[in-house]
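Novice: Coordinates in target-v3.json, JSON, C-alpha atoms and all ligand atoms, are listed below.
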```json
[["chain", "number", "residue", "atom", "x", "y", "z"],
["A", 1, "MET", "CA", 190.09, -22.70, -83.24],
["A", 2, "ARG", "CA", 188.75, -26.19, -84.09],
["A", 3, "LEU", "CA", 187.37, -28.13, -81.14],
["A", 4, "TRP", "CA", 186.25, -31.75, -81.42],
["A", 5, "ARG", "CA", 183.33, -31.17, -79.04],
["A", 6, "VAL", "CA", 182.02, -28.28, -81.15],
["A", 7, "GLU", "CA", 182.45, -30.12, -84.44],
["A", 8, "GLU", "CA", 180.66, -33.12, -82.95],
["A", 9, "ALA", "CA", 177.79, -30.88, -81.81],
["A", 10, "GLY", "CA", 177.43, -29.60, -85.39],
["A", 11, "ARG", "CA", 177.38, -33.16, -86.72],
["A", 12, "LEU", "CA", 174.74, -34.19, -84.17],
["A", 13, "ILE", "CA", 172.49, -31.24, -85.03],
["A", 14, "ARG", "CA", 172.40, -32.59, -88.61],
["A", 15, "SER", "CA", 171.87, -36.22, -87.49],
["A", 16, "GLU", "CA", 168.71, -38.30, -87.92],
["A", 17, "LEU", "CA", 168.99, -39.31, -84.25],
["A", 18, "ALA", "CA", 168.64, -35.71, -82.98],
["A", 19, "LYS", "CA", 165.88, -35.01, -85.50],
["A", 20, "TYR", "CA", 163.76, -38.00, -84.37],
["A", 21, "LEU", "CA", 164.45, -37.30, -80.70],
["A", 22, "ALA", "CA", 163.25, -33.70, -81.09],
["A", 23, "GLU", "CA", 160.12, -34.98, -82.88],
["A", 24, "ALA", "CA", 159.45, -37.47, -80.07],
["A", 25, "TRP", "CA", 159.71, -34.65, -77.50],
["A", 26, "ALA", "CA", 157.39, -32.44, -79.52],
["A", 27, "ASN", "CA", 154.80, -35.22, -79.99],
["A", 28, "CYS", "CA", 154.88, -36.45, -76.39],
["A", 29, "GLY", "CA", 154.78, -34.33, -73.24],
["A", 30, "ASP", "CA", 154.62, -36.98, -70.54],
["A", 31, "GLU", "CA", 156.59, -39.96, -69.24],
["A", 32, "ASN", "CA", 154.23, -42.64, -70.55],
["A", 33, "CYS", "CA", 154.43, -41.41, -74.12],
["A", 34, "LEU", "CA", 158.23, -40.98, -73.88],
["A", 35, "ALA", "CA", 158.58, -44.52, -72.52],
["A", 36, "ARG", "CA", 156.79, -45.91, -75.60],
["A", 37, "THR", "CA", 159.37, -44.40, -77.99],
["A", 38, "PRO", "CA", 162.21, -46.65, -79.20],
["A", 39, "PHE", "CA", 164.85, -44.50, -77.45],
["A", 40, "ASP", "CA", 167.01, -45.39, -74.47],
["A", 41, "PRO", "CA", 165.24, -43.91, -71.35],
["A", 42, "ALA", "CA", 168.30, -41.84, -70.41],
["A", 43, "LEU", "CA", 168.37, -40.37, -73.91],
["A", 44, "VAL", "CA", 164.69, -39.56, -74.38],
["A", 45, "GLY", "CA", 164.46, -38.45, -70.75],
["A", 46, "VAL", "CA", 162.39, -40.91, -68.71],
["A", 47, "GLY", "CA", 163.31, -41.61, -65.09],
["A", 48, "ARG", "CA", 164.41, -39.92, -61.88],
["A", 49, "TRP", "CA", 166.86, -37.49, -63.52],
["A", 50, "TRP", "CA", 165.09, -36.41, -66.71],
["A", 51, "LEU", "CA", 161.81, -35.35, -68.14],
["A", 52, "GLY", "CA", 161.99, -35.15, -71.93],
["A", 53, "PRO", "CA", 164.35, -32.30, -72.87],
["A", 54, "PHE", "CA", 164.84, -31.30, -69.21],
["A", 55, "THR", "CA", 167.64, -32.83, -67.17],
["A", 56, "ILE", "CA", 166.94, -32.70, -63.45],
["A", 57, "GLY", "CA", 169.97, -31.37, -61.64],
["A", 58, "ASN", "CA", 173.72, -31.81, -61.57],
["A", 59, "ARG", "CA", 176.52, -31.87, -59.01],
["A", 60, "LYS", "CA", 176.75, -28.12, -58.58],
["A", 61, "MET", "CA", 173.09, -27.15, -58.77],
["A", 62, "GLY", "CA", 171.40, -29.96, -56.89],
["A", 63, "GLU", "CA", 167.86, -30.79, -57.98],
["A", 64, "ILE", "CA", 167.09, -27.99, -60.43],
["A", 65, "PRO", "CA", 165.78, -28.93, -63.90],
["A", 66, "PHE", "CA", 167.73, -27.43, -66.77],
["A", 67, "PHE", "CA", 167.44, -27.07, -70.53],
["A", 68, "SER", "CA", 170.71, -27.03, -72.49],
["A", 69, "LEU", "CA", 171.90, -26.40, -76.03],
["A", 70, "PRO", "CA", 175.12, -27.30, -77.85],
["A", 71, "PRO", "CA", 178.05, -25.19, -76.63],
["A", 72, "VAL", "CA", 179.73, -22.49, -78.75],
["A", 73, "LEU", "CA", 177.52, -23.15, -81.82],
["A", 74, "THR", "CA", 174.58, -21.57, -80.02],
["A", 75, "CYS", "CA", 176.72, -18.91, -78.33],
["A", 76, "PRO", "CA", 177.07, -15.85, -80.60],
["A", 77, "GLY", "CA", 178.84, -14.03, -77.76],
["A", 78, "ALA", "CA", 181.47, -16.76, -77.27],
["A", 79, "THR", "CA", 184.91, -15.31, -76.59],
["A", 80, "GLU", "CA", 188.47, -16.64, -76.61],
["A", 81, "PHE", "CA", 187.88, -17.48, -72.95],
["A", 82, "CYS", "CA", 185.07, -19.88, -73.92],
["A", 83, "TYR", "CA", 187.25, -21.70, -76.43],
["A", 84, "LYS", "CA", 189.94, -22.16, -73.82],
["A", 85, "TRP", "CA", 187.98, -22.77, -70.63],
["A", 86, "CYS", "CA", 184.24, -23.43, -71.21],
["A", 87, "TYR", "CA", 183.23, -26.25, -68.85],
["A", 88, "ALA", "CA", 180.48, -27.34, -71.26],
["A", 89, "VAL", "CA", 183.19, -28.00, -73.84],
["A", 90, "TYR", "CA", 185.72, -29.64, -71.54],
["A", 91, "GLU", "CA", 183.81, -31.14, -68.63],
["A", 92, "ILE", "CA", 180.55, -32.50, -70.04],
["A", 93, "THR", "CA", 181.69, -35.90, -71.26],
["A", 94, "ASN", "CA", 178.45, -37.78, -71.77],
["A", 95, "TRP", "CA", 177.38, -38.67, -75.31],
["A", 96, "ARG", "CA", 173.70, -38.74, -74.35],
["A", 97, "ALA", "CA", 174.02, -35.15, -73.14],
["A", 98, "TYR", "CA", 175.54, -34.21, -76.52],
["A", 99, "VAL", "CA", 172.63, -35.78, -78.43],
["A", 100, "ARG", "CA", 170.06, -34.25, -76.06],
["A", 101, "GLU", "CA", 171.61, -30.78, -76.54],
["A", 102, "ALA", "CA", 171.46, -31.18, -80.33],
["A", 103, "ALA", "CA", 167.82, -32.34, -80.18],
["A", 104, "SER", "CA", 167.00, -29.49, -77.79],
["A", 105, "TYR", "CA", 168.34, -27.04, -80.35],
["A", 106, "LEU", "CA", 166.13, -28.57, -83.08],
["A", 107, "LEU", "CA", 163.16, -28.46, -80.70],
["A", 108, "SER", "CA", 163.84, -24.80, -79.91],
["A", 109, "LEU", "CA", 163.60, -23.90, -83.62],
["A", 110, "ARG", "CA", 159.96, -24.99, -83.73],
["A", 111, "GLU", "CA", 157.27, -22.33, -83.63],
["A", 112, "ASP", "CA", 155.38, -24.34, -81.02],
["A", 113, "PHE", "CA", 158.44, -24.56, -78.73],
["A", 114, "PRO", "CA", 156.72, -22.59, -75.90],
["A", 115, "GLN", "CA", 153.72, -24.93, -76.01],
["A", 116, "VAL", "CA", 155.94, -28.04, -76.05],
["A", 117, "VAL", "CA", 157.98, -26.73, -73.09],
["A", 118, "GLY", "CA", 154.71, -25.93, -71.31],
["A", 119, "LYS", "CA", 153.64, -29.58, -71.50],
["A", 120, "TYR", "CA", 156.80, -30.69, -69.69],
["A", 121, "LEU", "CA", 156.70, -27.84, -67.18],
["A", 122, "ALA", "CA", 153.20, -28.93, -66.21],
["A", 123, "ARG", "CA", 154.72, -32.24, -65.06],
["A", 124, "LEU", "CA", 157.74, -30.77, -63.27],
["A", 125, "PRO", "CA", 157.04, -29.78, -59.65],
["A", 126, "HIS", "CA", 160.14, -27.56, -59.41],
["A", 127, "ARG", "CA", 159.67, -23.80, -59.03],
["A", 128, "VAL", "CA", 163.11, -22.86, -60.38],
["A", 129, "ILE", "CA", 164.35, -23.77, -63.86],
["A", 130, "ARG", "CA", 167.86, -23.15, -65.18],
["A", 131, "LEU", "CA", 168.42, -22.33, -68.83],
["A", 132, "HIS", "CA", 171.64, -23.23, -70.59],
["A", 133, "VAL", "CA", 174.07, -25.14, -68.41],
["A", 134, "SER", "CA", 175.47, -25.45, -71.92],
["A", 135, "GLY", "CA", 174.63, -23.09, -74.79],
["A", 136, "ASP", "CA", 173.11, -19.61, -74.88],
["A", 137, "PHE", "CA", 170.43, -17.42, -76.47],
["A", 138, "TYR", "CA", 171.45, -17.82, -80.11],
["A", 139, "ASP", "CA", 169.09, -15.16, -81.51],
["A", 140, "GLU", "CA", 166.27, -12.75, -80.61],
["A", 141, "GLU", "CA", 163.50, -15.07, -81.75],
["A", 142, "TYR", "CA", 164.71, -17.84, -79.43],
["A", 143, "PHE", "CA", 165.09, -15.34, -76.56],
["A", 144, "GLU", "CA", 161.52, -14.17, -77.13],
["A", 145, "LYS", "CA", 160.30, -17.79, -76.91],
["A", 146, "TRP", "CA", 161.71, -18.09, -73.37],
["A", 147, "ALA", "CA", 160.30, -14.65, -72.48],
["A", 148, "GLU", "CA", 156.88, -15.95, -73.61],
["A", 149, "ILE", "CA", 157.31, -19.17, -71.60],
["A", 150, "ALA", "CA", 158.21, -17.12, -68.51],
["A", 151, "ARG", "CA", 155.14, -14.89, -69.02],
["A", 152, "GLN", "CA", 152.93, -17.98, -69.31],
["A", 153, "HIS", "CA", 154.38, -19.44, -66.08],
["A", 154, "PRO", "CA", 154.50, -16.57, -63.57],
["A", 155, "ASP", "CA", 154.71, -19.12, -60.72],
["A", 156, "ARG", "CA", 158.13, -20.31, -61.99],
["A", 157, "VAL", "CA", 161.52, -18.64, -62.02],
["A", 158, "PHE", "CA", 163.82, -19.14, -65.00],
["A", 159, "TYR", "CA", 167.44, -18.07, -64.57],
["A", 160, "THR", "CA", 170.46, -18.05, -66.81],
["A", 161, "TYR", "CA", 173.91, -16.59, -67.44],
["A", 162, "THR", "CA", 174.55, -15.17, -70.89],
["A", 163, "LYS", "CA", 177.19, -13.69, -73.14],
["A", 164, "SER", "CA", 174.58, -12.97, -75.84],
["A", 165, "PHE", "CA", 174.50, -9.33, -74.76],
["A", 166, "HIS", "CA", 173.00, -8.02, -78.00],
["A", 167, "VAL", "CA", 170.17, -10.57, -77.79],
["A", 168, "VAL", "CA", 168.97, -10.03, -74.21],
["A", 169, "ARG", "CA", 168.27, -6.33, -74.57],
["A", 170, "GLY", "CA", 164.66, -7.10, -75.53],
["A", 171, "GLU", "CA", 161.66, -7.10, -73.18],
["A", 172, "ALA", "CA", 161.62, -9.90, -70.64],
["A", 173, "PRO", "CA", 159.41, -10.56, -67.61],
["A", 174, "GLN", "CA", 160.86, -10.33, -64.10],
["A", 175, "ASN", "CA", 160.75, -14.12, -63.63],
["A", 176, "LEU", "CA", 163.23, -14.57, -66.49],
["A", 177, "ILE", "CA", 166.39, -13.70, -64.57],
["A", 178, "ILE", "CA", 169.35, -12.88, -66.74],
["A", 179, "HIS", "CA", 172.89, -12.57, -65.42],
["A", 180, "LEU", "CA", 175.60, -11.19, -67.69],
["A", 181, "SER", "CA", 178.61, -13.43, -67.99],
["A", 182, "ALA", "CA", 181.76, -11.29, -68.21],
["A", 183, "ASP", "CA", 185.28, -12.50, -68.88],
["A", 184, "PRO", "CA", 188.61, -10.85, -69.72],
["A", 185, "HIS", "CA", 187.53, -10.40, -73.36],
["A", 186, "ASN", "CA", 184.01, -8.98, -73.04],
["A", 187, "TYR", "CA", 183.75, -7.18, -69.69],
["A", 188, "ILE", "CA", 183.49, -3.71, -71.23],
["A", 189, "LYS", "CA", 180.52, -4.86, -73.34],
["A", 190, "ALA", "CA", 179.04, -6.51, -70.25],
["A", 191, "VAL", "CA", 179.20, -3.15, -68.46],
["A", 192, "GLU", "CA", 177.56, -1.34, -71.40],
["A", 193, "THR", "CA", 174.78, -3.95, -71.51],
["A", 194, "TRP", "CA", 174.17, -3.90, -67.75],
["A", 195, "ARG", "CA", 173.93, -0.10, -67.78],
["A", 196, "GLU", "CA", 171.23, -0.45, -70.41],
["A", 197, "ILE", "CA", 169.18, -3.32, -68.97],
["A", 198, "LYS", "CA", 170.02, -2.76, -65.26],
["A", 199, "ARG", "CA", 169.11, -6.24, -64.11],
["A", 200, "GLY", "CA", 170.75, -9.33, -62.70],
["A", 201, "LEU", "CA", 174.28, -9.95, -61.56],
["A", 202, "ILE", "CA", 177.43, -9.65, -63.58],
["A", 203, "THR", "CA", 179.46, -12.82, -63.25],
["A", 204, "TYR", "CA", 183.22, -13.07, -63.73],
["A", 205, "VAL", "CA", 185.34, -16.22, -63.81],
["A", 206, "TYR", "CA", 188.47, -15.75, -61.74],
["A", 207, "THR", "CA", 191.50, -17.71, -62.93],
["A", 208, "PRO", "CA", 194.07, -18.43, -60.20],
["A", 209, "GLY", "CA", 197.42, -16.90, -61.15],
["A", 210, "GLN", "CA", 195.81, -14.29, -63.44],
["A", 211, "GLU", "CA", 195.27, -11.60, -60.80],
["A", 212, "GLU", "CA", 196.96, -8.89, -62.87],
["A", 213, "ARG", "CA", 194.47, -9.48, -65.65],
["A", 214, "ASP", "CA", 191.37, -10.21, -63.57],
["A", 215, "LEU", "CA", 191.64, -7.49, -60.92],
["A", 216, "PRO", "CA", 191.47, -4.52, -63.34],
["A", 217, "ALA", "CA", 188.50, -6.13, -65.11],
["A", 218, "ILE", "CA", 186.59, -6.70, -61.85],
["A", 219, "LYS", "CA", 187.47, -3.16, -60.71],
["A", 220, "TYR", "CA", 186.26, -1.69, -64.00],
["A", 221, "ILE", "CA", 182.91, -3.50, -63.68],
["A", 222, "LEU", "CA", 182.44, -2.31, -60.10],
["A", 223, "GLU", "CA", 183.41, 1.28, -60.88],
["A", 224, "ASN", "CA", 181.11, 1.53, -63.89],
["A", 225, "THR", "CA", 177.95, -0.20, -62.68],
["A", 226, "ASP", "CA", 175.94, -0.64, -59.48],
["A", 227, "ALA", "CA", 175.79, -4.37, -60.16],
["A", 228, "ARG", "CA", 176.78, -7.07, -57.75],
["A", 229, "ILE", "CA", 179.57, -9.24, -59.09],
["A", 230, "LEU", "CA", 179.35, -13.00, -58.67],
["A", 231, "VAL", "CA", 182.84, -14.44, -59.01],
["A", 232, "PHE", "CA", 183.14, -18.01, -60.26],
["A", 233, "LEU", "CA", 186.30, -20.08, -60.04],
["A", 234, "ASN", "CA", 187.97, -21.29, -63.22],
["A", 235, "HIS", "CA", 187.73, -24.89, -62.10],
["A", 236, "VAL", "CA", 188.88, -26.42, -65.36],
["A", 237, "GLN", "CA", 192.33, -25.98, -63.86],
["A", 238, "HIS", "CA", 191.19, -27.90, -60.76],
["A", 239, "ALA", "CA", 192.85, -25.14, -58.79],
["A", 240, "PRO", "CA", 192.64, -25.09, -54.98],
["A", 241, "ARG", "CA", 189.67, -23.10, -53.69],
["A", 242, "LEU", "CA", 191.71, -20.34, -51.95],
["A", 243, "LYS", "CA", 188.65, -18.48, -50.68],
["A", 244, "THR", "CA", 190.27, -16.74, -47.71],
["A", 245, "ALA", "CA", 193.35, -15.62, -49.65],
["A", 246, "LEU", "CA", 191.23, -14.30, -52.50],
["A", 247, "TRP", "CA", 188.97, -12.32, -50.16],
["A", 248, "LYS", "CA", 191.99, -10.69, -48.50],
["A", 249, "TRP", "CA", 193.40, -9.79, -51.89],
["A", 250, "LEU", "CA", 190.10, -8.35, -53.14],
["A", 251, "ARG", "CA", 189.54, -6.28, -49.99],
["A", 252, "GLU", "CA", 193.06, -4.86, -50.07],
["A", 253, "ALA", "CA", 192.91, -4.09, -53.78],
["A", 254, "LEU", "CA", 189.34, -2.81, -54.04],
["A", 255, "GLY", "CA", 188.44, -1.44, -50.60],
["A", 256, "ALA", "CA", 184.73, -0.64, -50.21],
["A", 257, "LEU", "CA", 184.00, -1.76, -53.79],
["A", 258, "SER", "CA", 184.65, -5.34, -52.72],
["A", 259, "GLN", "CA", 181.40, -5.26, -50.69],
["A", 260, "ARG", "CA", 179.52, -5.78, -53.96],
["A", 261, "ILE", "CA", 181.42, -9.00, -54.69],
["A", 262, "VAL", "CA", 180.08, -12.45, -53.91],
["A", 263, "LEU", "CA", 182.40, -15.44, -54.22],
["A", 264, "ASP", "CA", 180.33, -18.35, -55.50],
["A", 265, "PRO", "CA", 179.84, -20.47, -52.37],
["A", 266, "GLU", "CA", 179.67, -23.80, -54.15],
["A", 267, "GLU", "CA", 182.75, -23.20, -56.26],
["A", 268, "PHE", "CA", 184.92, -21.65, -53.55],
["A", 269, "ALA", "CA", 183.74, -23.57, -50.49],
["A", 270, "GLY", "CA", 182.15, -26.71, -51.95],
["A", 271, "ARG", "CA", 178.68, -25.93, -50.61],
["A", 272, "PRO", "CA", 175.83, -25.17, -50.58],
["A", 273, "GLN", "CA", 174.49, -26.32, -53.94],
["A", 274, "CYS", "CA", 172.41, -23.80, -55.92],
["A", 275, "ALA", "CA", 169.09, -25.38, -54.88],
["A", 276, "GLU", "CA", 169.91, -24.41, -51.29],
["A", 277, "CYS", "CA", 171.92, -21.22, -51.93],
["A", 278, "ALA", "CA", 169.31, -19.57, -54.21],
["A", 279, "LEU", "CA", 171.31, -16.34, -54.51],
["A", 280, "CYS", "CA", 171.00, -16.31, -58.28],
["A", 281, "TRP", "CA", 167.23, -15.92, -58.24],
["A", 282, "ARG", "CA", 166.50, -14.44, -54.81],
["A", 283, "ARG", "CA", 164.72, -11.09, -54.96],
["A", 284, "GLY", "CA", 166.32, -8.34, -52.93],
["A", 285, "VAL", "CA", 169.77, -9.79, -53.49],
["A", 286, "LEU", "CA", 169.85, -8.98, -57.18],
["A", 287, "PHE", "CA", 168.40, -5.51, -57.32],
["B", 1, "LIG", "S1", 175.71, -18.08, -56.11],
["B", 1, "LIG", "FE1", 174.52, -19.80, -55.28],
["B", 1, "LIG", "S2", 172.77, -20.06, -56.70],
["B", 1, "LIG", "FE2", 174.30, -18.77, -57.75],
["B", 1, "LIG", "S3", 175.55, -20.22, -58.95],
["B", 1, "LIG", "FE3", 176.58, -19.96, -56.96],
["B", 1, "LIG", "S4", 175.83, -21.61, -55.64],
["B", 1, "LIG", "FE4", 174.43, -21.42, -57.42]]
```
Translate the structure described by the file into structure tokens.
Specialist:
Amino acid sequence: MRLWRVEEAGRLIRSELAKYLAEAWANCGDENCLARTPFDPALVGVGRWWLGPFTIGNRKMGEIPFFSLPPVLTCPGATEFCYKWCYAVYEITNWRAYVREAASYLLSLREDFPQVVGKYLARLPHRVIRLHVSGDFYDEEYFEKWAEIARQHPDRVFYTYTKSFHVVRGEAPQNLIIHLSADPHNYIKAVETWREIKRGLITYVYTPGQEERDLPAIKYILENTDARILVFLNHVQHAPRLKTALWKWLREALGALSQRIVLDPEEFAGRPQCAECALCWRRGVLF
């Protein structure tokens, strides 16, 4: 399937603009240096809501810095579901974000990526960092760079959701929290991977009106793992939240198994934001 957003991301990765932005990030490491570059502050990442390649928060998460990559192109585990519903493809509609993702990808290719990230982390006071609001672990080498960053910053927590199941089987420290992102096309692989790595949540995006497809998948995951399932809402449809009705349906259909399901509070009830909820990185909840 050809998607404008994905083709544009490919064009931006090859652009001079992304190349020079990545170089500016690598050569700087603080606000003063970034402010002296010729770039627009919101592009190079100077101000309340950015620091270089990190964007500080969004509507769902609240004030949590994140590092993103271009969607689909950096997602070797992308499924048909991603092409049809990925919010990074359909809901991020900011050209600066597109350029920043492309430059972030170029930055991530550098051997000194962990050192460059370290310079920015030293200036971010936040304990929790989100990886990949858009994008994913595109190969083992890149995954190992984040594992190294997490090892070098044991006081921070890095969390992410991934479909790159074959990539995340490598060693990773406990403060790199990896949740497996299952959908109707990959949930059996998600189960196989979770049984191997035995860490994190398995997430599943529920699509209103698709109960006959989604229920067997959720049941299969619950019956074949001990994982907790975090259910997201397919909000690209802007469907009503339906939390009470969905709970009733899950309890009736799954009985005691439903006790291992969490409906994402922000997506189904509108609050709290992740910064307050913290379920996705709270110890004791995940394991
Ligand atoms: S469960 Fe909580 S922390 Fe995790 S994504 Fe939902 S709102 Fe954010």
Novice: Within 10 Å of ligand LIG 1 (chain B), which residues show up when you count all atoms listed in the file? List them as an mmCIF file with C-alpha atoms, keeping the file's coordinate frame, please.
Specialist:
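And here's pocket-v5.cif as it stands now:
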```cif
data_model
loop_
_atom_site.group_PDB
_atom_site.id
_atom_site.type_symbol
_atom_site.label_atom_id
_atom_site.label_comp_id
_atom_site.auth_asym_id
_atom_site.auth_seq_id
_atom_site.Cartn_x
_atom_site.Cartn_y
_atom_site.Cartn_z
ATOM 1 C CA LYS A 60 176.750 -28.120 -58.580
ATOM 2 C CA MET A 61 173.090 -27.150 -58.770
ATOM 3 C CA GLY A 62 171.400 -29.960 -56.890
ATOM 4 C CA TYR A 159 167.440 -18.070 -64.570
ATOM 5 C CA THR A 160 170.460 -18.050 -66.810
ATOM 6 C CA TYR A 161 173.910 -16.590 -67.440
ATOM 7 C CA HIS A 179 172.890 -12.570 -65.420
ATOM 8 C CA LEU A 201 174.280 -9.950 -61.560
ATOM 9 C CA THR A 203 179.460 -12.820 -63.250
ATOM 10 C CA LEU A 230 179.350 -13.000 -58.670
ATOM 11 C CA VAL A 231 182.840 -14.440 -59.010
ATOM 12 C CA PHE A 232 183.140 -18.010 -60.260
ATOM 13 C CA VAL A 262 180.080 -12.450 -53.910
ATOM 14 C CA LEU A 263 182.400 -15.440 -54.220
ATOM 15 C CA ASP A 264 180.330 -18.350 -55.500
ATOM 16 C CA PRO A 265 179.840 -20.470 -52.370
ATOM 17 C CA GLU A 266 179.670 -23.800 -54.150
ATOM 18 C CA GLU A 267 182.750 -23.200 -56.260
ATOM 19 C CA PHE A 268 184.920 -21.650 -53.550
ATOM 20 C CA ALA A 269 183.740 -23.570 -50.490
ATOM 21 C CA GLY A 270 182.150 -26.710 -51.950
ATOM 22 C CA ARG A 271 178.680 -25.930 -50.610
ATOM 23 C CA PRO A 272 175.830 -25.170 -50.580
ATOM 24 C CA GLN A 273 174.490 -26.320 -53.940
ATOM 25 C CA CYS A 274 172.410 -23.800 -55.920
ATOM 26 C CA ALA A 275 169.090 -25.380 -54.880
ATOM 27 C CA GLU A 276 169.910 -24.410 -51.290
ATOM 28 C CA CYS A 277 171.920 -21.220 -51.930
ATOM 29 C CA ALA A 278 169.310 -19.570 -54.210
ATOM 30 C CA LEU A 279 171.310 -16.340 -54.510
ATOM 31 C CA CYS A 280 171.000 -16.310 -58.280
ATOM 32 C CA TRP A 281 167.230 -15.920 -58.240
ATOM 33 C CA ARG A 282 166.500 -14.440 -54.810
#
```
Novice: Residues near segment 253-259 of chain A, anyone? I mean within 10 Å using only C-alpha atoms, not counting same-chain ones fewer than 4 positions away, as a list in words.
Specialist: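 Once the nearby chain positions are removed, what remains is Leu215, Pro216, Ile218, Lys219, Leu222, Glu223, Asp226, Arg228, Ile229, Trp247, Lys248 and Trp249 of chain A.
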Novice: Of the residues A:Glu8, A:Glu192, A:Asp30, A:Asp183, which is the one nearest to Leu51 of chain A, using all atoms listed in the file?
Specialist: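 Under the stated criterion, the closest residue is A:Asp30.
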Novice: Restricting the calculation to all atoms listed in the file, which member of A:Val133, A:Ala102, A:Ala150, A:Ile221 is positioned closest to Glu16 of chain A?
Specialist: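 Of A:Val133, A:Ala102, A:Ala150, A:Ile221, the one nearest Glu16 of chain A, counting all atoms listed in the file, is A:Ala102.
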Novice: What does the distance between atom CA of Thr207 of chain A and atom CA of Gly77 of chain A come to in Å, to one decimal place?
Specialist: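 Separation between atom CA of Thr207 of chain A and atom CA of Gly77 of chain A: 19.8 Å.
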Novice: Counting only C-alpha atoms, which of A:Gly200, A:Pro125, A:Gly170, A:Pro184 gets nearest to Cys82 of chain A?
Specialist: A:Pro184
Novice: One decimal, Å: what's the distance from atom CA of Leu180 of chain A over to atom CA of Trp95 of chain A, could you say?
Specialist: 28.6 Å
Novice: Name the closest residue to His132 of chain A among the candidates A:Glu111, A:Glu144, A:Glu171, A:Glu101; distances are taken between atoms, counting only C-alpha atoms.
Specialist: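 Looking only at the distances to His132 of chain A, the closest residue turns out to be A:Glu101.
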Novice: One decimal, in Å: what's the spacing between atom CA of Val44 of chain A and atom CA of Leu21 of chain A?
Specialist: 6.7 Å
Novice: Nearest to Cys75 of chain A among A:Arg5, A:Lys163, A:Arg96, A:Arg48, with distances taken over all atoms listed in the file: which residue is it?
Specialist: A:Lys163
Novice: Fewer than 3 positions away in the same chain doesn't count, so skip those; otherwise give me all residues within 6 Å of Val116 of chain A, counting only C-alpha atoms, as a list of chain:residue names.
Specialist: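 Answer for this query is A:Ala26, A:Phe113, A:Lys119.
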Novice: Taking into account only C-alpha atoms, which residue in the set A:Ile188, A:Val99, A:Leu246, A:Ala122 is nearest to Gln152 of chain A?
Specialist: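 So, comparing all the options, the nearest one is A:Ala122.
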Novice: Taking 3 positions as the minimum chain separation for residues in the same chain, which residues sit within 10 Å of Lys189 of chain A when counting only C-alpha atoms? Answer as a list in words.
Specialist: Lys163, Phe165, His166, Leu180, Ala182, His185, Asn186, Glu192, Thr193, Trp194 and Arg195 of chain A
Novice: Could you list as a list in words every residue that has an atom within 9 Å of (158.6, -17.4, -71.2), using the file's coordinates and counting only C-alpha atoms?
Specialist: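 Here is the list of nearby residues: Pro114, Phe143, Glu144, Lys145, Trp146, Ala147, Glu148, Ile149, Ala150, Arg151, Gln152, His153, Pro154, Phe158, Ala172, Pro173, Asn175 and Leu176 of chain A.
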